[in-house]
$ cat final-v3.cif   # mmCIF, C-alpha atoms and all ligand atoms
data_work
#
loop_
_atom_site.label_atom_id
_atom_site.label_comp_id
_atom_site.auth_asym_id
_atom_site.auth_seq_id
_atom_site.Cartn_x
_atom_site.Cartn_y
_atom_site.Cartn_z
CA MET A 1 -5.04 32.22 8.98
CA GLU A 2 -5.93 34.40 6.05
CA ASN A 3 -2.96 34.31 3.75
CA GLU A 4 -1.39 31.08 4.84
CA ILE A 5 0.74 29.48 2.12
CA TYR A 6 1.03 25.75 1.59
CA CYS A 7 3.80 23.61 0.15
CA GLN A 8 2.80 22.46 -3.32
CA GLY A 9 4.58 19.13 -2.76
CA CYS A 10 3.14 17.94 0.57
CA GLY A 11 0.38 20.39 1.54
CA ALA A 12 2.09 21.47 4.79
CA SER A 13 1.60 25.04 5.93
CA ILE A 14 4.78 26.96 5.06
CA GLN A 15 6.82 28.39 7.96
CA SER A 16 10.32 29.83 8.28
CA HIS A 17 11.09 29.53 12.00
CA ASP A 18 11.59 25.80 12.75
CA PRO A 19 13.77 23.79 10.35
CA GLU A 20 12.82 20.55 12.15
CA GLU A 21 9.12 20.99 11.52
CA ALA A 22 6.78 20.43 8.60
CA GLY A 23 6.62 23.13 5.95
CA TYR A 24 9.99 24.72 6.74
CA THR A 25 11.24 26.96 3.95
CA PRO A 26 14.05 29.49 4.35
CA LYS A 27 12.83 33.10 4.16
CA SER A 28 14.89 33.63 1.03
CA SER A 29 12.73 31.10 -0.87
CA LEU A 30 9.37 32.57 0.05
CA GLU A 31 9.26 34.85 -2.97
CA LYS A 32 8.86 32.02 -5.45
CA GLU A 33 5.53 31.36 -7.07
CA ASP A 34 5.25 27.63 -6.29
CA ILE A 35 6.85 26.98 -2.94
CA LEU A 36 8.36 23.63 -2.12
CA CYS A 37 9.32 23.05 1.52
CA ARG A 38 12.79 21.83 2.39
CA ARG A 39 11.55 18.34 3.31
CA CYS A 40 9.93 17.92 -0.12
CA PHE A 41 13.04 19.27 -1.83
CA ARG A 42 15.21 16.71 -0.09
CA LEU A 43 12.78 13.87 -0.71
CA LYS A 44 12.58 14.74 -4.37
CA HIS A 45 16.26 15.24 -5.02
CA TYR A 46 18.05 13.05 -2.48
CA ASN A 47 15.38 10.52 -1.47
CA GLU A 48 15.96 11.63 2.11
CA THR A 49 13.15 11.62 4.65
CA GLN A 50 12.57 13.93 7.54
CA GLU A 51 10.34 12.94 10.42
CA VAL A 52 7.75 15.52 11.40
CA SER A 53 5.67 15.74 14.54
CA ILE A 54 2.27 15.40 12.91
CA THR A 55 0.58 12.41 14.53
CA ASP A 56 -1.56 9.60 13.12
CA ASP A 57 -4.45 11.21 14.89
CA ASP A 58 -3.84 14.60 13.27
CA PHE A 59 -4.00 12.93 9.86
CA LEU A 60 -7.20 11.13 10.74
CA LYS A 61 -8.76 14.38 11.94
CA MET A 62 -7.77 16.15 8.75
CA VAL A 63 -9.27 13.48 6.53
CA SER A 64 -12.38 13.26 8.71
CA SER A 65 -13.20 16.85 7.78
CA ILE A 66 -14.43 15.39 4.47
CA ARG A 67 -17.48 14.18 6.37
CA ASP A 68 -18.84 17.72 6.35
CA ALA A 69 -17.93 18.38 2.74
CA ASP A 70 -19.90 17.53 -0.36
CA GLY A 71 -18.05 15.62 -3.01
CA LEU A 72 -16.88 12.33 -4.45
CA VAL A 73 -14.48 10.13 -2.49
CA VAL A 74 -11.96 8.06 -4.44
CA HIS A 75 -10.61 5.41 -2.08
CA VAL A 76 -7.25 4.22 -3.38
CA ILE A 77 -5.95 0.88 -2.09
CA ASP A 78 -2.83 -1.17 -2.81
CA ILE A 79 -3.79 -4.47 -4.41
CA PHE A 80 -0.79 -6.09 -2.72
CA ASP A 81 -2.07 -5.09 0.65
CA VAL A 82 -5.85 -5.06 0.51
CA GLU A 83 -6.24 -6.08 4.17
CA GLY A 84 -3.89 -3.32 5.26
CA THR A 85 -5.14 -0.58 2.95
CA LEU A 86 -8.90 -0.99 2.63
CA ILE A 87 -10.17 1.35 5.35
CA SER A 88 -13.00 -0.50 7.02
CA SER A 89 -13.96 2.58 9.01
CA LEU A 90 -14.24 4.67 5.81
CA PRO A 91 -17.97 5.34 6.18
CA ARG A 92 -17.30 6.83 9.62
CA ILE A 93 -14.45 8.96 8.28
CA VAL A 94 -16.01 10.37 5.13
CA GLY A 95 -19.69 10.13 5.95
CA ASN A 96 -22.22 9.66 3.18
CA GLN A 97 -20.18 10.80 0.19
CA PRO A 98 -20.28 8.42 -2.77
CA VAL A 99 -17.15 6.22 -2.94
CA VAL A 100 -15.20 4.88 -5.90
CA LEU A 101 -12.83 2.05 -5.02
CA VAL A 102 -9.52 2.06 -6.88
CA GLY A 103 -7.08 -0.87 -6.76
CA ASN A 104 -3.69 0.66 -7.59
CA LYS A 105 -0.35 -0.90 -8.66
CA VAL A 106 -1.73 -3.41 -11.20
CA ASP A 107 1.55 -3.13 -13.11
CA LEU A 108 3.06 -5.43 -10.47
CA LEU A 109 0.61 -8.27 -11.01
CA PRO A 110 1.63 -11.26 -13.10
CA LYS A 111 0.15 -10.98 -16.59
CA SER A 112 -1.88 -14.11 -15.97
CA THR A 113 -3.94 -12.48 -13.19
CA ASN A 114 -7.66 -12.69 -13.74
CA ARG A 115 -8.81 -9.09 -13.38
CA ARG A 116 -12.45 -9.95 -13.12
CA LYS A 117 -11.74 -12.16 -10.11
CA LEU A 118 -9.62 -9.43 -8.57
CA GLU A 119 -12.38 -6.86 -9.00
CA HIS A 120 -14.88 -9.29 -7.58
CA TRP A 121 -12.65 -9.91 -4.56
CA LEU A 122 -12.22 -6.16 -3.95
CA ARG A 123 -15.96 -5.65 -4.21
CA SER A 124 -16.64 -8.39 -1.68
CA LYS A 125 -14.02 -6.95 0.69
CA ALA A 126 -15.71 -3.55 0.45
CA ASN A 127 -19.10 -5.17 1.08
CA GLN A 128 -17.79 -6.93 4.17
CA ALA A 129 -16.63 -3.57 5.48
CA ASN A 130 -20.04 -2.06 4.69
CA ILE A 131 -18.54 0.45 2.28
CA LYS A 132 -21.07 1.24 -0.43
CA ILE A 133 -19.19 1.70 -3.65
CA ALA A 134 -20.17 3.37 -6.88
CA GLY A 135 -17.56 1.47 -8.88
CA VAL A 136 -14.33 -0.55 -8.79
CA PHE A 137 -11.33 0.31 -10.95
CA LEU A 138 -7.93 -1.29 -11.38
CA ILE A 139 -5.15 1.07 -12.34
CA SER A 140 -1.43 1.65 -12.39
CA SER A 141 -0.60 5.20 -11.39
CA THR A 142 3.03 4.84 -12.37
CA LYS A 143 2.36 3.30 -15.79
CA GLY A 144 -0.97 4.95 -16.45
CA ASN A 145 -3.06 1.81 -17.15
CA GLY A 146 -6.73 2.42 -16.55
CA VAL A 147 -6.23 6.03 -15.42
CA GLU A 148 -7.98 7.63 -18.36
CA GLU A 149 -11.10 5.47 -17.96
CA LEU A 150 -11.14 6.21 -14.26
CA ALA A 151 -10.73 9.95 -14.83
CA LYS A 152 -13.71 9.92 -17.20
CA GLU A 153 -15.84 8.06 -14.70
CA ILE A 154 -14.81 10.45 -11.92
CA GLU A 155 -15.82 13.38 -14.11
CA ILE A 156 -19.30 11.89 -14.43
CA LEU A 157 -19.72 10.75 -10.82
CA ARG A 158 -18.42 13.92 -9.21
CA ASN A 159 -21.42 15.83 -10.43
CA LYS A 160 -19.49 19.11 -10.60
CA LYS A 161 -18.28 18.71 -7.01
CA ASN A 162 -14.87 18.28 -5.38
CA VAL A 163 -13.03 14.95 -5.59
CA TYR A 164 -11.20 13.68 -2.50
CA ILE A 165 -8.45 11.09 -2.96
CA VAL A 166 -8.41 9.09 0.26
CA GLY A 167 -6.48 6.06 1.48
CA THR A 168 -3.93 4.69 3.90
CA THR A 169 -0.35 5.78 3.52
CA ASN A 170 1.77 4.67 0.56
CA VAL A 171 -1.00 3.33 -1.67
CA GLY A 172 -0.15 5.82 -4.43
CA LYS A 173 -2.68 8.64 -3.95
CA SER A 174 -0.24 11.38 -4.88
CA THR A 175 1.23 9.36 -7.74
CA PHE A 176 -2.30 8.95 -9.09
CA ILE A 177 -2.95 12.70 -8.97
CA ASN A 178 0.41 13.39 -10.62
CA ARG A 179 -0.60 11.03 -13.41
CA ILE A 180 -3.87 12.91 -13.92
CA ILE A 181 -2.02 16.24 -13.95
CA LYS A 182 0.43 14.87 -16.47
CA GLN A 183 -2.33 13.57 -18.71
CA SER A 184 -4.27 16.82 -18.60
CA VAL A 185 -1.62 19.55 -18.62
CA GLY A 186 1.63 17.67 -19.30
CA LEU A 187 3.44 18.60 -16.06
CA ASP A 188 5.55 15.93 -14.33
CA ASP A 189 5.75 15.12 -10.61
CA VAL A 190 3.92 18.17 -9.29
CA ILE A 191 3.14 16.57 -5.92
CA THR A 192 5.86 14.92 -3.84
CA THR A 193 5.72 11.12 -3.77
CA SER A 194 8.08 8.64 -2.14
CA TYR A 195 8.28 5.01 -1.17
CA PHE A 196 8.34 6.01 2.49
CA PRO A 197 5.03 6.17 4.35
CA GLY A 198 3.72 9.57 5.47
CA THR A 199 4.77 11.69 2.49
CA THR A 200 1.73 13.95 2.07
CA LEU A 201 1.11 16.12 5.15
CA GLY A 202 -1.97 18.19 4.29
CA PHE A 203 -4.69 18.66 1.69
CA ILE A 204 -3.38 19.63 -1.74
CA GLU A 205 -5.93 21.20 -4.05
CA ILE A 206 -5.59 20.81 -7.79
CA PRO A 207 -8.18 22.94 -9.63
CA LEU A 208 -10.60 21.01 -11.86
CA ASP A 209 -12.44 24.11 -12.99
CA ASP A 210 -13.21 27.59 -11.63
CA SER A 211 -14.77 26.40 -8.41
CA THR A 212 -13.93 22.72 -7.76
CA TYR A 213 -10.81 20.75 -6.93
CA LEU A 214 -9.16 17.36 -7.04
CA ILE A 215 -7.82 17.03 -3.50
CA ASP A 216 -4.89 14.92 -2.32
CA THR A 217 -5.03 13.98 1.36
CA PRO A 218 -2.51 12.59 3.86
CA GLY A 219 -2.47 8.82 4.25
CA ILE A 220 -4.43 7.36 7.13
CA VAL A 221 -2.27 5.17 9.34
CA ASN A 222 -3.45 1.59 9.67
CA LYS A 223 -1.30 -0.48 12.00
CA GLN A 224 -2.10 -3.58 9.95
CA GLN A 225 0.08 -2.27 7.13
CA ILE A 226 3.43 -4.01 7.19
CA VAL A 227 5.11 -0.78 6.00
CA HIS A 228 4.88 0.49 9.57
CA TYR A 229 7.09 -2.30 10.89
CA VAL A 230 9.94 -2.55 8.39
CA SER A 231 13.10 -0.49 7.98
CA LYS A 232 13.59 1.64 4.89
CA ASN A 233 16.01 -0.85 3.52
CA ASP A 234 13.67 -3.78 4.03
CA LEU A 235 10.82 -1.78 2.51
CA ARG A 236 12.89 -1.60 -0.67
CA LEU A 237 13.26 -5.38 -0.66
CA ILE A 238 9.65 -6.33 0.01
CA THR A 239 8.11 -3.76 -2.34
CA PRO A 240 7.86 -5.19 -5.84
CA HIS A 241 9.30 -2.84 -8.46
CA LYS A 242 8.14 -4.62 -11.57
CA GLU A 243 5.85 -7.44 -12.57
CA ILE A 244 6.31 -10.21 -10.02
CA LYS A 245 7.50 -13.56 -11.27
CA ALA A 246 5.87 -16.73 -10.03
CA ARG A 247 8.23 -19.00 -8.08
CA GLY A 248 7.03 -22.61 -7.82
CA TYR A 249 8.04 -25.09 -5.10
CA GLN A 250 7.22 -28.80 -5.16
CA LEU A 251 6.57 -29.61 -1.53
CA ASN A 252 5.93 -32.77 0.42
CA ARG A 253 3.89 -32.44 3.53
CA GLU A 254 5.85 -31.40 6.60
CA GLN A 255 7.86 -28.93 4.62
CA THR A 256 8.04 -25.20 5.25
CA LEU A 257 8.63 -22.11 3.16
CA TYR A 258 10.13 -18.97 4.68
CA PHE A 259 9.59 -15.62 2.97
CA GLY A 260 12.75 -13.95 4.14
CA GLY A 261 12.09 -14.21 7.86
CA LEU A 262 8.97 -12.06 7.68
CA ALA A 263 6.45 -14.80 7.11
CA ARG A 264 6.27 -18.56 6.83
CA LEU A 265 4.02 -21.28 5.44
CA ASP A 266 3.95 -24.84 6.80
CA PHE A 267 2.51 -27.58 4.60
CA ILE A 268 0.88 -29.85 7.17
CA LYS A 269 -1.35 -32.27 5.30
CA GLY A 270 -1.98 -33.20 1.67
CA ASP A 271 -0.37 -34.85 -1.36
CA LYS A 272 2.92 -33.72 -2.79
CA GLN A 273 2.13 -30.59 -4.82
CA THR A 274 3.29 -27.26 -6.20
CA PHE A 275 3.07 -24.09 -4.14
CA VAL A 276 3.33 -21.07 -6.42
CA CYS A 277 4.71 -18.00 -4.65
CA TYR A 278 4.10 -14.39 -5.75
CA PHE A 279 6.34 -11.98 -3.86
CA SER A 280 8.77 -9.20 -4.68
CA ASN A 281 11.44 -10.80 -6.85
CA ARG A 282 13.97 -9.55 -4.30
CA LEU A 283 12.47 -11.35 -1.32
CA PRO A 284 14.37 -14.62 -0.87
CA ILE A 285 12.31 -17.77 -0.27
CA HIS A 286 13.77 -20.69 1.72
CA ARG A 287 12.49 -24.22 1.88
CA THR A 288 13.14 -26.41 4.89
CA LYS A 289 11.73 -29.39 6.77
CA LEU A 290 8.96 -28.50 9.17
CA GLU A 291 10.84 -30.19 12.02
CA ASN A 292 13.83 -27.89 11.44
CA ALA A 293 11.86 -24.74 10.82
CA ASP A 294 11.80 -23.32 14.36
CA ASN A 295 15.50 -23.92 14.81
CA LEU A 296 16.33 -22.32 11.51
CA TYR A 297 14.40 -19.25 12.59
CA GLU A 298 16.08 -19.04 16.01
CA ASN A 299 19.56 -19.32 14.55
CA ASN A 300 19.29 -17.54 11.23
CA ILE A 301 16.80 -14.74 11.55
CA GLY A 302 18.29 -11.61 9.98
CA GLU A 303 20.98 -13.66 8.24
CA LEU A 304 19.89 -16.54 6.00
CA LEU A 305 16.30 -15.53 6.74
CA SER A 306 16.46 -11.90 5.71
CA PRO A 307 14.79 -9.39 5.66
CA PRO A 308 14.17 -8.54 8.58
CA ASP A 309 17.33 -6.55 9.19
CA GLU A 310 18.24 -5.46 12.73
CA GLU A 311 16.05 -2.39 12.71
CA THR A 312 13.01 -4.31 11.47
CA GLN A 313 13.57 -7.03 14.07
CA LYS A 314 13.21 -4.42 16.80
CA ARG A 315 9.91 -3.18 15.40
CA LEU A 316 8.27 -6.24 13.93
CA PRO A 317 5.60 -7.93 16.06
CA LYS A 318 6.11 -11.64 16.79
CA LEU A 319 4.89 -14.11 14.17
CA THR A 320 1.52 -15.65 14.94
CA THR A 321 -0.17 -18.56 13.22
CA SER A 322 -3.42 -19.19 11.39
CA THR A 323 -4.43 -22.63 10.16
CA PHE A 324 -6.24 -23.10 6.85
CA LYS A 325 -7.88 -26.28 5.58
CA ILE A 326 -8.25 -25.83 1.86
CA LYS A 327 -10.69 -28.05 0.06
CA GLY A 328 -11.85 -28.24 -3.49
CA GLU A 329 -10.65 -25.08 -5.25
CA GLU A 330 -7.48 -23.29 -6.19
CA THR A 331 -6.76 -20.94 -3.32
CA ASP A 332 -4.41 -18.07 -2.53
CA ILE A 333 -2.97 -17.68 0.95
CA VAL A 334 -2.49 -13.92 1.17
CA PHE A 335 0.26 -12.32 3.28
CA PRO A 336 -0.85 -8.66 3.23
CA GLY A 337 1.83 -6.28 1.99
CA LEU A 338 4.14 -9.11 1.01
CA GLY A 339 2.43 -11.32 -1.56
CA TRP A 340 0.61 -14.62 -1.75
CA VAL A 341 0.97 -18.37 -2.32
CA THR A 342 -1.32 -20.24 -4.68
CA ILE A 343 -2.30 -23.77 -3.73
CA LYS A 344 -2.98 -25.28 -7.13
CA SER A 345 -4.43 -28.60 -6.06
CA GLY A 346 -7.02 -26.86 -3.92
CA ASN A 347 -6.45 -29.50 -1.24
CA ALA A 348 -4.09 -28.98 1.67
CA THR A 349 -3.85 -28.06 5.30
CA VAL A 350 -1.39 -25.28 5.93
CA ILE A 351 -0.30 -23.10 8.82
CA ALA A 352 0.58 -19.52 7.89
CA HIS A 353 2.84 -17.46 10.16
CA SER A 354 2.75 -13.68 9.87
CA PRO A 355 3.59 -10.73 12.10
CA LYS A 356 0.80 -10.25 14.64
CA ASP A 357 -1.67 -7.60 13.36
CA VAL A 358 -0.75 -8.35 9.74
CA ALA A 359 -3.39 -11.03 9.41
CA VAL A 360 -3.17 -13.71 6.72
CA SER A 361 -6.30 -14.42 4.69
CA VAL A 362 -7.46 -16.71 1.89
CA ARG A 363 -9.27 -16.06 -1.37
CA LYS A 364 -10.13 -17.90 -4.54
CA SER A 365 -7.01 -17.97 -6.68
CA LEU A 366 -6.64 -14.92 -8.94
CA ILE A 367 -4.46 -16.64 -11.51
N1 LIG B 1 4.50 -0.25 -8.95
C1 LIG B 1 3.74 0.79 -8.63
N2 LIG B 1 4.11 1.61 -7.64
C2 LIG B 1 3.33 2.68 -7.38
C3 LIG B 1 2.14 2.94 -8.09
N3 LIG B 1 1.58 4.07 -7.58
C4 LIG B 1 2.41 4.49 -6.60
N4 LIG B 1 3.46 3.65 -6.48
C5 LIG B 1 4.57 3.78 -5.54
O1 LIG B 1 4.09 3.74 -4.21
C6 LIG B 1 4.86 4.58 -3.36
C7 LIG B 1 3.96 5.55 -2.63
O2 LIG B 1 3.39 6.48 -3.55
P1 LIG B 1 2.73 7.84 -3.08
O3 LIG B 1 2.03 8.42 -4.27
O4 LIG B 1 3.73 8.70 -2.40
O5 LIG B 1 1.67 7.29 -2.04
P2 LIG B 1 0.62 8.11 -1.15
O6 LIG B 1 -0.61 7.26 -1.07
O7 LIG B 1 0.45 9.48 -1.68
O8 LIG B 1 1.35 8.11 0.25
P3 LIG B 1 1.20 9.16 1.50
O9 LIG B 1 1.33 10.54 0.97
O10 LIG B 1 2.31 8.75 2.40
O11 LIG B 1 -0.13 8.89 2.10
C8 LIG B 1 5.87 5.29 -4.28
O12 LIG B 1 7.10 4.57 -4.17
C9 LIG B 1 5.25 5.13 -5.64
O13 LIG B 1 6.20 5.13 -6.70
C10 LIG B 1 1.76 2.04 -9.13
O14 LIG B 1 0.76 2.18 -9.82
N5 LIG B 1 2.61 0.99 -9.36
MG MG B 2 0.79 11.28 -0.82
#
$ encode --input "final-v3.cif" --output "structure tokens"
Amino acid sequence: MENEIYCQGCGASIQSHDPEEAGYTPKSSLEKEDILCRRCFRLKHYNETQEVSITDDDFLKMVSSIRDADGLVVHVIDIFDVEGTLISSLPRIVGNQPVVLVGNKVDLLPKSTNRRKLEHWLRSKANQANIKIAGVFLISSTKGNGVEELAKEIEILRNKKNVYIVGTTNVGKSTFINRIIKQSVGLDDVITTSYFPGTTLGFIEIPLDDSTYLIDTPGIVNKQQIVHYVSKNDLRLITPHKEIKARGYQLNREQTLYFGGLARLDFIKGDKQTFVCYFSNRLPIHRTKLENADNLYENNIGELLSPPDEETQKRLPKLTTSTFKIKGEETDIVFPGLGWVTIKSGNATVIAHSPKDVAVSVRKSLI
């Protein structure tokens, strides 16, 4: 449509006939210069979400239109959920555009994290997925770390073309753009952000100059992201809000750690040693004997082992196991979207339990 108007907060096309649908704005508010739809208004002011009927597939189609465009793609991922947020099908979605990989949320990492190792790990993950990248950056969109350097690099790499900010839902794409807007023109929170998945509903164009734009896009839905299986309340508990604190446990073999009741690590073989856990400070960790672990789960899931709350229990896939024999170097067992456990001795056999589809992986320790 010619003179279609879009919500400046979420990018939805503005309409005044269906209050239950995306972009609804009462007729009386249509006169304003910058229009914010009712859903954005409520998200912003009351932290209230409204479901809309745009499907995962609609989002994917929208983002796939970048394939026919000409510009720079900035692929934002969440460094706490690299498995769930690195889009392995990115080359198919955005075609041959150059790609910058951005690991967001570094403010949550323990200070002792080795950034070089983290960058190296991200690079190797991108390589495995056959995503050719023009650079890797680590930033915090909320705190601003690294954003200026990245903005400078984007300015060079974009070659006077559009810049598309692409990623799965909730990685902080809109927060990143808001940070850039704030740094360049001083305005706060122009685009709507929230800790719920599925906030941005359409493309949002922020002018870079007379003819090119920085473009926010809706998050692509990847079913490996744990955010899709947890209730809003549990999402609050598992999402770290500030720098995570290491929690160390001295374990003998045949002991188990539960991370709430969302994941579990069994220490099967190896000498007595410390397991250092890096999870949201609000996620309780329980230690038990391996022989009691199944029983504890059966009888205490949702109570002592919480989260999951009732709503999450209905949605969460069953826990499945992966066995890892670690030999010779400090290793992290990574539970995507939750956190990781560092095995300091570099020698142990462990069994990791995680919700099916949220696959556990290992990497060289980052600390
Ligand atoms: N700690 C931390 N949280 C962040 C950072 N960037 C974004 N967040 C949080 O992550 C959540 C999602 O942010 P959004 O900017 O809405 O994410 P998005 O990628 O635009 O999500 P969709 O629009 O749903 O695709 C919000 O709760 C943000 O506050 C960051 O650098 N550090
Ligand atoms: Mg967004």
$ closest_residue --input "final-v3.cif" --among "A:Thr142, A:Thr349, A:Ser231, A:Thr212" --to "ligand LIG 1 (chain B)" --atoms "only C-alpha atoms and all ligand atoms"
A:Thr142
$ residues_near_ligand --input "final-v3.cif" --ligand "ligand LIG 1 (chain B)" --cutoff "8 Å" --atoms "only C-alpha atoms and all ligand atoms" --output "PyMOL selection string"
chain A and resi 10+76+104-108+139-144+167-176+192-201+216-220+240-242
$ closest_residue --input "final-v3.cif" --among "A:Ile181, A:Cys7, A:Ile191, A:Ala348" --to "Asp271 (chain A)" --atoms "all atoms listed in the file"
A:Ala348
$ residues_around --input "final-v3.cif" --residues "Pro307 (chain A)" --least-positions-apart "2" --cutoff "7 Å" --atoms "all atoms listed in the file" --output "VMD selection string"
chain A and resid 234 260 to 262 302 305 309
$ closest_residue --input "final-v3.cif" --among "A:Val100, A:Arg264, A:Gln224, A:Arg38" --to "Glu20 (chain A)" --atoms "all atoms listed in the file"
A:Arg38
$ residues_around --input "final-v3.cif" --residues "Gly135 (chain A)" --least-positions-apart "4" --cutoff "10 Å" --atoms "all atoms listed in the file" --output "PyMOL selection string"
chain A and resi 74+98-102+119+123+150+153-154+157
$ closest_residue --input "final-v3.cif" --among "A:Cys37, A:Ala69, A:Val362, A:Leu290" --to "Glu83 (chain A)" --atoms "only C-alpha atoms"
A:Val362
$ atom_distance --input "final-v3.cif" --atom1 "CA of Pro317 (chain A)" --atom2 "CA of Tyr229 (chain A)"
7.8 Å
$ closest_residue --input "final-v3.cif" --among "A:Trp340, A:Phe137, A:Phe324, A:Tyr164" --to "Arg247 (chain A)" --atoms "only C-alpha atoms"
A:Trp340
$ atom_distance --input "final-v3.cif" --atom1 "CA of Val341 (chain A)" --atom2 "CA of Phe275 (chain A)"
6.4 Å
$ atom_distance --input "final-v3.cif" --atom1 "CA of Lys364 (chain A)" --atom2 "CA of Leu257 (chain A)"
20.7 Å
$ residues_around --input "final-v3.cif" --residues "Leu366 (chain A)" --least-positions-apart "5" --cutoff "7 Å" --atoms "only C-alpha atoms" --output "PDB file with C-alpha atoms, in the frame of the given file"
ATOM      1  CA  THR A 113      -3.940 -12.480 -13.190  1.00  0.00           C
ATOM      2  CA  ASN A 114      -7.660 -12.690 -13.740  1.00  0.00           C
ATOM      3  CA  LYS A 117     -11.740 -12.160 -10.110  1.00  0.00           C
ATOM      4  CA  LEU A 118      -9.620  -9.430  -8.570  1.00  0.00           C
TER       5      LEU A 118
END
$ closest_residue --input "final-v3.cif" --among "A:Asp189, A:Glu303, A:Glu311, A:Asp18" --to "ligand MG 2 (chain B)" --atoms "only C-alpha atoms and all ligand atoms"
A:Asp189
$ residues_around --input "final-v3.cif" --residues "His353 (chain A)" --least-positions-apart "3" --cutoff "6 Å" --atoms "only C-alpha atoms" --output "mmCIF file with C-alpha atoms, in the frame of the given file"
data_model
loop_
_atom_site.group_PDB
_atom_site.id
_atom_site.type_symbol
_atom_site.label_atom_id
_atom_site.label_comp_id
_atom_site.auth_asym_id
_atom_site.auth_seq_id
_atom_site.Cartn_x
_atom_site.Cartn_y
_atom_site.Cartn_z
ATOM 1 C CA ALA A 263 6.450 -14.800 7.110
ATOM 2 C CA ARG A 264 6.270 -18.560 6.830
ATOM 3 C CA LEU A 319 4.890 -14.110 14.170
ATOM 4 C CA THR A 320 1.520 -15.650 14.940
ATOM 5 C CA THR A 321 -0.170 -18.560 13.220
#
$ residues_around --input "final-v3.cif" --residues "Lys344 (chain A)" --least-positions-apart "4" --cutoff "9 Å" --atoms "all atoms listed in the file" --output "PyMOL selection string"
chain A and resi 273-276+329-332+365
$ write_last_selection --input "final-v3.cif" --atoms "C-alpha atoms" --output "PDB file, in the frame of the given file"
ATOM      1  CA  GLN A 273       2.130 -30.590  -4.820  1.00  0.00           C
ATOM      2  CA  THR A 274       3.290 -27.260  -6.200  1.00  0.00           C
ATOM      3  CA  PHE A 275       3.070 -24.090  -4.140  1.00  0.00           C
ATOM      4  CA  VAL A 276       3.330 -21.070  -6.420  1.00  0.00           C
ATOM      5  CA  GLU A 329     -10.650 -25.080  -5.250  1.00  0.00           C
ATOM      6  CA  GLU A 330      -7.480 -23.290  -6.190  1.00  0.00           C
ATOM      7  CA  THR A 331      -6.760 -20.940  -3.320  1.00  0.00           C
ATOM      8  CA  ASP A 332      -4.410 -18.070  -2.530  1.00  0.00           C
ATOM      9  CA  SER A 365      -7.010 -17.970  -6.680  1.00  0.00           C
TER      10      SER A 365
END
